[in-house]
Amino acid sequence: MQQALHAFSLVVPDYDAAIDFYCGTLGWELAEDIPQDSQSGPKRWVRILPPGSAPLRASLILAQARGPRQTAAIGDQFGGRVGLFLQTDDFARDHKAMCAKGVHFEEDPRHEPYGTVAVWQDPFGNRWDLLELR
């Protein structure tokens, strides 16, 4: 048996604002942006990939919040914890580039037994690790 994580969703306040940040500011690839009709009305299938990701690797699905429960979850989908981990092959390069583009880092880079890491936030309050493994 072979299985792989295909994608996970991230609830955001607005599709276009999330695409602007991830694809515009961070330079991710917009893999799919497909309008769909559902029982709850029109929505979009928006799938993005970090730079250098293979198309069949895990991707991020942007899901626009619908209703008060989903809206309340924006930025707190992981209960205040870091819940997203962006791995890089060059921490210093990507940290410098992200800082230059105004990405908010909560801390200075730190060196842990598993690698170099720093916590950052997207504009919606989601906490991420930028991580270069040893």
# chains A, B, ... in the order shown; residues from 1 in each chain; ligands from 1
>>> select_by_dssp(residues="chain A", states="helix (DSSP H, G or I)", output="PyMOL selection string")
chain A and resi 15-25+67-73+91-100
>>> write_last_selection(atoms="N, CA, C and O atoms", output="short mmCIF file (atom, residue, chain, number, x, y, z; two decimals), in the first residue's frame")
data_model
loop_
_atom_site.label_atom_id
_atom_site.label_comp_id
_atom_site.auth_asym_id
_atom_site.auth_seq_id
_atom_site.Cartn_x
_atom_site.Cartn_y
_atom_site.Cartn_z
N TYR A 15 -10.64 34.60 -0.88
CA TYR A 15 -9.77 33.88 -1.82
C TYR A 15 -8.69 34.78 -2.40
O TYR A 15 -7.51 34.45 -2.39
N ASP A 16 -9.10 35.92 -2.93
CA ASP A 16 -8.16 36.78 -3.65
C ASP A 16 -7.09 37.36 -2.74
O ASP A 16 -5.92 37.47 -3.13
N ALA A 17 -7.46 37.72 -1.51
CA ALA A 17 -6.46 38.24 -0.57
C ALA A 17 -5.44 37.15 -0.24
O ALA A 17 -4.23 37.43 -0.13
N ALA A 18 -5.90 35.93 -0.08
CA ALA A 18 -4.98 34.82 0.22
C ALA A 18 -4.09 34.52 -0.98
O ALA A 18 -2.88 34.30 -0.82
N ILE A 19 -4.65 34.53 -2.18
CA ILE A 19 -3.84 34.32 -3.39
C ILE A 19 -2.81 35.43 -3.52
O ILE A 19 -1.64 35.17 -3.83
N ASP A 20 -3.21 36.67 -3.28
CA ASP A 20 -2.27 37.79 -3.36
C ASP A 20 -1.09 37.60 -2.41
O ASP A 20 0.06 37.84 -2.77
N PHE A 21 -1.38 37.16 -1.17
CA PHE A 21 -0.29 36.97 -0.21
C PHE A 21 0.58 35.78 -0.59
O PHE A 21 1.80 35.92 -0.75
N TYR A 22 -0.01 34.62 -0.72
CA TYR A 22 0.79 33.42 -0.94
C TYR A 22 1.46 33.40 -2.32
O TYR A 22 2.64 33.06 -2.42
N CYS A 23 0.73 33.76 -3.35
CA CYS A 23 1.28 33.70 -4.71
C CYS A 23 2.00 34.99 -5.09
O CYS A 23 3.02 34.95 -5.77
N GLY A 24 1.47 36.12 -4.64
CA GLY A 24 2.10 37.40 -4.95
C GLY A 24 3.30 37.68 -4.06
O GLY A 24 4.44 37.75 -4.52
N THR A 25 3.06 37.80 -2.77
CA THR A 25 4.13 38.14 -1.83
C THR A 25 5.16 37.03 -1.69
O THR A 25 6.37 37.26 -1.76
N GLY A 67 -19.91 31.68 6.98
CA GLY A 67 -20.64 31.65 8.25
C GLY A 67 -19.77 31.99 9.44
O GLY A 67 -18.54 32.02 9.35
N PRO A 68 -20.40 32.24 10.58
CA PRO A 68 -19.68 32.70 11.76
C PRO A 68 -18.69 31.68 12.34
O PRO A 68 -17.64 32.06 12.83
N ARG A 69 -19.01 30.41 12.28
CA ARG A 69 -18.10 29.41 12.85
C ARG A 69 -16.78 29.37 12.08
O ARG A 69 -15.70 29.36 12.68
N GLN A 70 -16.86 29.34 10.75
CA GLN A 70 -15.63 29.32 9.96
C GLN A 70 -14.89 30.64 10.06
O GLN A 70 -13.65 30.66 10.13
N THR A 71 -15.62 31.73 10.07
CA THR A 71 -14.98 33.04 10.20
C THR A 71 -14.21 33.13 11.53
O THR A 71 -13.10 33.65 11.57
N ALA A 72 -14.79 32.60 12.59
CA ALA A 72 -14.13 32.62 13.90
C ALA A 72 -12.85 31.78 13.91
O ALA A 72 -11.95 32.04 14.71
N ALA A 73 -12.76 30.80 13.03
CA ALA A 73 -11.59 29.92 12.99
C ALA A 73 -10.40 30.52 12.25
O ALA A 73 -9.28 30.03 12.39
N PHE A 91 17.52 28.32 4.67
CA PHE A 91 16.79 29.13 5.64
C PHE A 91 17.17 30.60 5.51
O PHE A 91 16.30 31.47 5.46
N ALA A 92 18.46 30.90 5.49
CA ALA A 92 18.92 32.30 5.48
C ALA A 92 18.36 33.05 4.26
O ALA A 92 17.89 34.18 4.39
N ARG A 93 18.40 32.43 3.09
CA ARG A 93 17.89 33.05 1.87
C ARG A 93 16.41 33.38 2.00
O ARG A 93 15.97 34.50 1.73
N ASP A 94 15.62 32.37 2.42
CA ASP A 94 14.17 32.56 2.46
C ASP A 94 13.74 33.48 3.60
O ASP A 94 12.82 34.28 3.44
N HIS A 95 14.42 33.40 4.73
CA HIS A 95 14.11 34.30 5.85
C HIS A 95 14.35 35.75 5.43
O HIS A 95 13.51 36.63 5.66
N LYS A 96 15.48 36.00 4.80
CA LYS A 96 15.82 37.35 4.35
C LYS A 96 14.79 37.86 3.34
O LYS A 96 14.31 38.99 3.44
N ALA A 97 14.44 37.02 2.37
CA ALA A 97 13.48 37.41 1.34
C ALA A 97 12.10 37.68 1.95
O ALA A 97 11.42 38.65 1.57
N MET A 98 11.67 36.84 2.86
CA MET A 98 10.36 37.02 3.48
C MET A 98 10.33 38.29 4.33
O MET A 98 9.36 39.05 4.28
N CYS A 99 11.39 38.56 5.07
CA CYS A 99 11.46 39.79 5.87
C CYS A 99 11.41 41.01 4.96
O CYS A 99 10.72 41.99 5.26
N ALA A 100 12.12 40.96 3.83
CA ALA A 100 12.14 42.08 2.90
C ALA A 100 10.76 42.35 2.30
O ALA A 100 10.45 43.48 1.92
#
>>> atom_distance(atom1="CA of Asp76 in chain A", atom2="CA of Leu62 in chain A")
14.9 Å
>>> atom_distance(atom1="CA of Gly27 in chain A", atom2="CA of Val11 in chain A")
19.6 Å
>>> residues_around(residues="Ile34 in chain A", least_positions_apart="4", cutoff="12 Å", atoms="only C-alpha atoms", output="number ranges by chain")
A: 15, 30, 42-48, 61-62
>>> write_last_selection(atoms="C-alpha atoms", output="PDB file, in the first residue's frame")
ATOM      1  CA  TYR A  15      -9.773  33.876  -1.817  1.00  0.00           C
ATOM      2  CA  LEU A  30      -1.353  28.956  -8.213  1.00  0.00           C
ATOM      3  CA  PRO A  42     -20.740  29.428  -5.597  1.00  0.00           C
ATOM      4  CA  LYS A  43     -17.234  28.736  -4.337  1.00  0.00           C
ATOM      5  CA  ARG A  44     -13.789  28.083  -5.768  1.00  0.00           C
ATOM      6  CA  TRP A  45     -11.309  25.231  -5.699  1.00  0.00           C
ATOM      7  CA  VAL A  46      -8.036  27.101  -5.082  1.00  0.00           C
ATOM      8  CA  ARG A  47      -4.888  24.986  -4.739  1.00  0.00           C
ATOM      9  CA  ILE A  48      -1.438  26.510  -4.240  1.00  0.00           C
ATOM     10  CA  ILE A  61      -6.267  24.420  -0.479  1.00  0.00           C
ATOM     11  CA  LEU A  62      -7.536  27.922   0.257  1.00  0.00           C
TER      12      LEU A  62
END
>>> closest_residue(among="A:Asp37, A:Asn126, A:Leu133, A:Arg66", to="Asp90 in chain A", atoms="only C-alpha atoms")
A:Leu133
>>> closest_residue(among="A:Val119, A:Val103, A:Ala31, A:Phe124", to="Arg57 in chain A", atoms="only C-alpha atoms")
A:Ala31
